[in-house]
Structure formats: C-alpha cells, structure tokens
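S.K.: Provided herewith is a single structure, encoded as structure tokens, for subsequent inquiry.
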Amino acid sequence: MSFMTDATLSVELMWVGAMLCLVWFVLSCAVWVFDGRTLFGESVWAKPIRFSSSLAMHYATYAIVISWLSEPWQTGIAMTSIAIIAVGALIFQIGFIGIQAACGEPSHFNTKTPLMRKLELTMAIMAALVTAPMAFVGAVVLIDEVAVMAPALRWATGLGLIFGTVMTFLSAYHLGMRQNPFFGDKPANERRIIGLDWSLDRGDLRPAHFFATHMMQAMPIAGLIATVWLSSEVALIAALSATAVWAWLAVESYRLAVRGRPISHLWRLRGLPSTNSATL
C-alpha cells in the first residue's frame, strides 16, 4: 500500500484508521495485563479493547469496500472528504476512550460534570461521523455500475452497509437518550454473557447495537463467500437470505430490548433450549 499517490487516498486513509485501531488494541491489551483496576465489575481496559477490535474491523471494511468501487468514486471529492472526516473522528474517539480508561473513569454515560456532558455530546457526534459514511458507501456500491462486482457481493454489501447503519443509529439513539442500555430493574445476581457483558435477565440494547454494527462487516463477507463458492443465481439467493437473517437478528434483538426481554429470548423464539448457567 503506497502512501505517495492520491489515486487511492480514500482507501489509504481508511487503512490508516484500521492500523491505528490495531495499535490501540495491542497497547490496551498490554496495559490490561499489568493494570488490575476495575470499573463496574470489569477491567478499566475492557472497553478500549472491545472498541479497538470493533473499529479495526469497521475501518478495514471501509478500505476494502471502497477499493471495490470504480476509480472515479474512489478518487472523488465526496469519498476523499468522507475518509478524512471519518479518520479524524476516529482519532478523537480512541483518544477519549483511552484517556478515560487510564483515569479509571467511564467514557460512556458519564455526565457527572458539565465538561463531561459536553464531551459525551462530542463523543456522540464523533461516533455518528465514524458510522454514517457507511450508508453512503453502501449506496454507492448499489449504483456504481462501472465497479466489477458480482450481484451477490454487490447486493449483500450495499444492503448490509445501509441497513446496518440505520439500525446502528436507531439503537445508539436510544442508548444516548436513556444514558443506559437496560430496560427493567436490575435483578439480584444478574447473569451476563462473559466477554460481551450482555444481560440475560432484562432488556439490553447492546446486542441490537452489536448486530447492527457488525452487519456492515458480515454481509460483505457473506456476499464474497457466496460469490466464490456458488453459481451466480444461487449465490445471489444465499447472499440475500443471509442479509435477511442478519437484519432479523438486529431488529428482533432491538424489539426484545425495548420490551424489557433479554437476548436469550432470541433462541427461545426459535424453540431452542435456554440455559440457566451462571457462567454465561
């Protein structure tokens, strides 16, 4: 990857964003090994580790999908401007979350002081600037007739990026307005899913946010796999089916959360046995 040409500046900038997140992930993991402080029952570095890994995939997706577009779209002022803004917003996000972790303070839902309320609002704006361009990139994927993309890859990617962005904003809006991911009172000995911290005993918006956000990475992968392994017609059906299933996961987990029902109801709805294991 050359950083000396303007031909693929938008792609290169997105790769820079992905590399910054990867470095942030490695540093956060290294500090976590030696820093035993906790916040709300988990390491103060848990959130930087989760965000850095998620955002690394997010910006790698940006870079890869934009590289599939025709050159006029890649080098156009719109895509280049989007890349500059998205990477700038990312730098603020990772800096703020990292500083808050180092201080042992929450980076989200922290409105203890007027300054923190302003920073919370700024974080929301930066998060929007990180996420919103995905819908634009998805729309370009669908309309860029010059781009050489198989139908399965084009439709899975375009629809996945657009719908994933919409659902991400919907869940994030409720998270921001409520300043709390939960619906319902906290039960005694609440069960959580290890690593994700999702509640198994009350409504939790974070699963919906997770499915929505990662739809943007999952659907291009699904479209690519279908294109490589299946005939064109079957690949398109498989890719659209995968997109529909993932969209259902995002919508249904959101619907369950706002009704005060835990994510475990997803598999209960499918007739699968639930578990009462406290280790989940």
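Going by the structure tokens order, chains are called A, B, ..., each with residues numbered from 1, while ligands are numbered from 1 in the order shown.
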Need the shell around segment 25-33 of chain A: protein/DNA/RNA residues with any atom at most 12 Å away, counting only C-alpha atoms. Skip same-chain ones fewer than 3 positions apart. Format as a compact mmCIF listing (two decimals) with C-alpha atoms, in the first residue's frame?
M.R.:
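Once written, result.txt looks like this:
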# COMPACT_ATOMS: atom_id res chain seq x y z
CA ALA A 18 -7.67 0.38 10.82
CA MET A 19 -3.96 0.32 11.71
CA LEU A 20 -4.44 2.94 14.44
CA CYS A 21 -7.15 0.76 15.96
CA LEU A 22 -4.94 -2.31 15.78
CA GLY A 36 -5.76 -4.66 37.74
CA ARG A 37 -8.19 -1.77 38.24
CA THR A 38 -11.85 -2.46 37.58
CA GLU A 42 -14.71 -5.43 34.70
CA SER A 43 -11.24 -4.19 33.78
CA VAL A 44 -10.96 -0.48 33.04
CA TRP A 45 -9.35 -1.59 29.75
CA ALA A 46 -12.23 -3.84 28.68
CA LYS A 47 -13.97 -1.06 26.78
CA PRO A 48 -10.85 0.13 24.90
CA ILE A 49 -10.13 -3.49 23.95
CA ARG A 50 -13.68 -4.05 22.67
CA PHE A 51 -13.86 -0.75 20.83
CA SER A 52 -10.41 -1.05 19.24
CA SER A 53 -11.13 -4.52 17.85
CA SER A 54 -14.56 -3.49 16.57
CA LEU A 55 -13.33 -0.25 14.99
CA ALA A 56 -10.36 -2.01 13.38
CA MET A 57 -12.84 -4.25 11.53
CA ILE A 94 -9.88 6.37 20.56
CA GLY A 95 -8.07 9.18 22.36
CA ILE A 97 -11.86 6.35 25.44
CA GLY A 98 -8.19 5.60 26.15
CA ILE A 99 -7.73 8.62 28.40
CA ALA A 101 -9.71 4.22 30.85
CA ALA A 102 -6.32 5.43 32.09
S.K.: Could you produce a table of the residues of segment 134-194 of chain A lying within 9 Å of segment 217-223 of chain A, with the nearest pair of atoms per residue and their separation in Å rounded to one decimal, using only C-alpha atoms, ordered by chain and increasing residue number, as a Markdown table?
M.R.:
| residue | atom | partner | partner_atom | distance |
| --- | --- | --- | --- | --- |
| A:Ala150 | CA | A:Gly223 | CA | 8.7 |
| A:Pro151 | CA | A:Gly223 | CA | 8.6 |
| A:Ala152 | CA | A:Gly223 | CA | 5.3 |
| A:Leu153 | CA | A:Gly223 | CA | 4.1 |
| A:Arg154 | CA | A:Gly223 | CA | 7.5 |
| A:Trp155 | CA | A:Gly223 | CA | 7.8 |
| A:Ala156 | CA | A:Met219 | CA | 5.3 |
| A:Thr157 | CA | A:Pro220 | CA | 4.5 |
| A:Gly158 | CA | A:Pro220 | CA | 8.3 |
| A:Leu159 | CA | A:Met219 | CA | 8.2 |
| A:Gly160 | CA | A:Met219 | CA | 5.4 |
| A:Leu161 | CA | A:Met219 | CA | 7.8 |
S.K.: Find, counting only C-alpha atoms, the residue in A:Val166, A:Ala250, A:Met149, A:Leu13 that gets nearest to Thr227 of chain A.
M.R.: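 Under the stated criterion, the closest residue is A:Met149.
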S.K.: May I have all residues of segment 13-100 of chain A that DSSP, computed from the backbone, assigns to strand (DSSP E or B), given as an MDAnalysis selection string?
M.R.: chainID A and resid 38:39 42:43
